[in-house]
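One structure is given below, encoded as C-alpha cells.
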Amino acid sequence: PTDEVKGTVIVDTPNKYLYHVLGNGRAMRYGIGVGRDGFAWAGRAKIAYKRQWPRWTPPDEMVARQPALEPYSIANGGMPPGIKNPLGARAMYIHKDGRDTLYRIHGSPEAWSIGKAVSSGCIRMLNQDVIDLYNNVRDGSTIVVIPDPSKGQQVVS
C-alpha cells in the first residue's frame with residue numbers, strides 16, 4: 001500500500017521494480033534496471049515530457065568517461081531513433097524544479113540489464129513494458145525514487 005496518488009510512478013531501487021499507482025490500493029509492476037554503484041539516485045521529481053523512438057544524446061560527462069560515444073555527442077547531434085538506440089522505444093524525461101535531471105525512464109535493447117544495477121542512473125525497462133507505461137502515464141506525473149540503503153546515492157534536490 002502507498003499514500004501516493006493515482007498516476008504516481010514509484011521506483012523501488014533495492015528490489016528493481018517500478019510501480020505505476022493505479023489507485024484503490026493497486027499498482028502495475030514492472031521489472032527495471034537501475035544505476036550502478038556511484039550512479040544511483042533517489043528523490044522526488046516529475047516526468048516533464050515523453051517521446052516515442054527518441055534520439056539519444058549522451059551528456060558530455062558520459063562522453064568524457066566513454067570516448068567511443070563521441071559520434072553521438074551533443075555536438076554531433078546524437079544517435080537517431082532505432083532498434084539499437086540505448087533509449088529504446090520510449091523515453092520519459094525527469095525534471096526537478098523545472099530543470100532536467102538528465103535521468104530518464106526508457107526502454108532498452110539490452111534485456112539482460114533488467115534486474116541489474118548497470119546504468120548511468122537511468123531507469124531501464126523492457127521495450128514492451130516502457131511502451132505500456134508510456135501509454136498510461138501523463139506528463140507532469142510525480143516520480144518517487146526510493147534509495148537503496150546499501151548503496152551511496154545522489155539525492156535529486
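To be explicit about the labels: the chains of the C-alpha cells are called A, B, and onward in the order shown, and within each one the residues are counted from 1, while ligands get numbers from 1 in the order they are shown.
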If DSSP is run on the backbone, what residues of stretch 53-142 of chain A are strand (DSSP E)? A reply as a list in words would be ideal.
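Put together, the selection reads Arg90, Ala91, Met92, Tyr93, Ile94, His95, Lys96, Arg99, Asp100, Thr101, Leu102, Tyr103, Arg104, Ile105, His106, Gly107, Ser108, Ala117, Val118, Ser119, Ile123, Arg124, Met125, Leu126 and Thr142 of chain A.
Near A:Thr142, within 9 Å and counting only C-alpha atoms, sit Val5, Gly7, Thr8, Val9, Ile10, Arg44, Ala45, Lys46 and Ile47 of chain A; same-chain residues fewer than 6 positions away were not included.
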Two-atom distance - atom CA of A:Ile83, atom CA of A:Pro109 (Å)
6.7 Å
Check the smallest atom-to-atom distance from each of A:Gly33, A:Glu70, A:Pro81, A:Ala64 to A:Arg124 using only C-alpha atoms, then report the winner.
A:Gly33
Looking at A:Ile105, A:Ile74, A:Leu69, A:Ala48, which one is nearest to A:Tyr30, with distances taken over only C-alpha atoms?
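So, comparing all the options, the nearest one is A:Ile105.
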Can you work out the spacing between atom CA of A:Arg26 and atom CA of A:Tyr49 in Å, to one decimal?
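Interatomic distance, atom CA of A:Arg26 to atom CA of A:Tyr49: 24.3 Å.
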As a PyMOL selection string, please: the residues near A:Lys116 (cut-off 8 Å, only C-alpha atoms, same-chain neighbours under 5 positions excluded).
chain A and resi 16+32-34
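Look at stretch 2-4 of chain A: the protein and nucleic acid residues within 8 Å of it, using only C-alpha atoms and passing over chain neighbours fewer than 2 places away, are Lys6, Thr8, Val21 and Gly25 of chain A.
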Mind giving me the straight-line distance from atom CA of A:Thr13 to atom CA of A:Lys84 in Å, one decimal?
25.3 Å
Of A:Asp37, A:Asp148, A:Asp129, A:Asp139, the one sitting nearest A:Ala111 when using only C-alpha atoms is A:Asp129
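With only C-alpha atoms as the atoms that count, the residue of A:Ala68, A:Thr57, A:Met62, A:Ala75 with the shortest distance to A:Leu87 is A:Thr57.
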Given only C-alpha atoms as the basis, pick out the residue of A:Gly98, A:Gly107, A:Pro54, A:Pro149 nearest to A:Leu133.
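Checking each candidate against A:Leu133, we get A:Gly107 as the closest.
Of the listed residues A:Asn76, A:Arg99, A:Phe39, A:Val63, the one whose atoms come nearest to A:Ile123 is A:Phe39, with distances taken using only C-alpha atoms.
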Using only C-alpha atoms, which protein or nucleic acid residues come within 10 Å of A:Pro80? Drop anything in the same chain fewer than 5 positions from it, and give the result as a compact mmCIF listing (two decimals) with C-alpha atoms, in the first residue's frame.
# COMPACT_ATOMS: atom_id res chain seq x y z
CA TRP A 53 11.50 6.41 -30.50
CA PRO A 54 13.69 9.19 -29.06
CA ARG A 55 17.05 10.41 -30.28
CA TRP A 56 19.80 9.54 -27.75
CA THR A 57 22.33 12.22 -26.89
CA TYR A 72 26.66 10.54 -30.59
CA ASN A 85 19.36 3.20 -29.70
How would you write, as an MDAnalysis selection string, the set of residues in stretch 33-119 of chain A that DSSP gives as helix (DSSP H, G or I)?
chainID A and resid 60:65 67:72 111:113
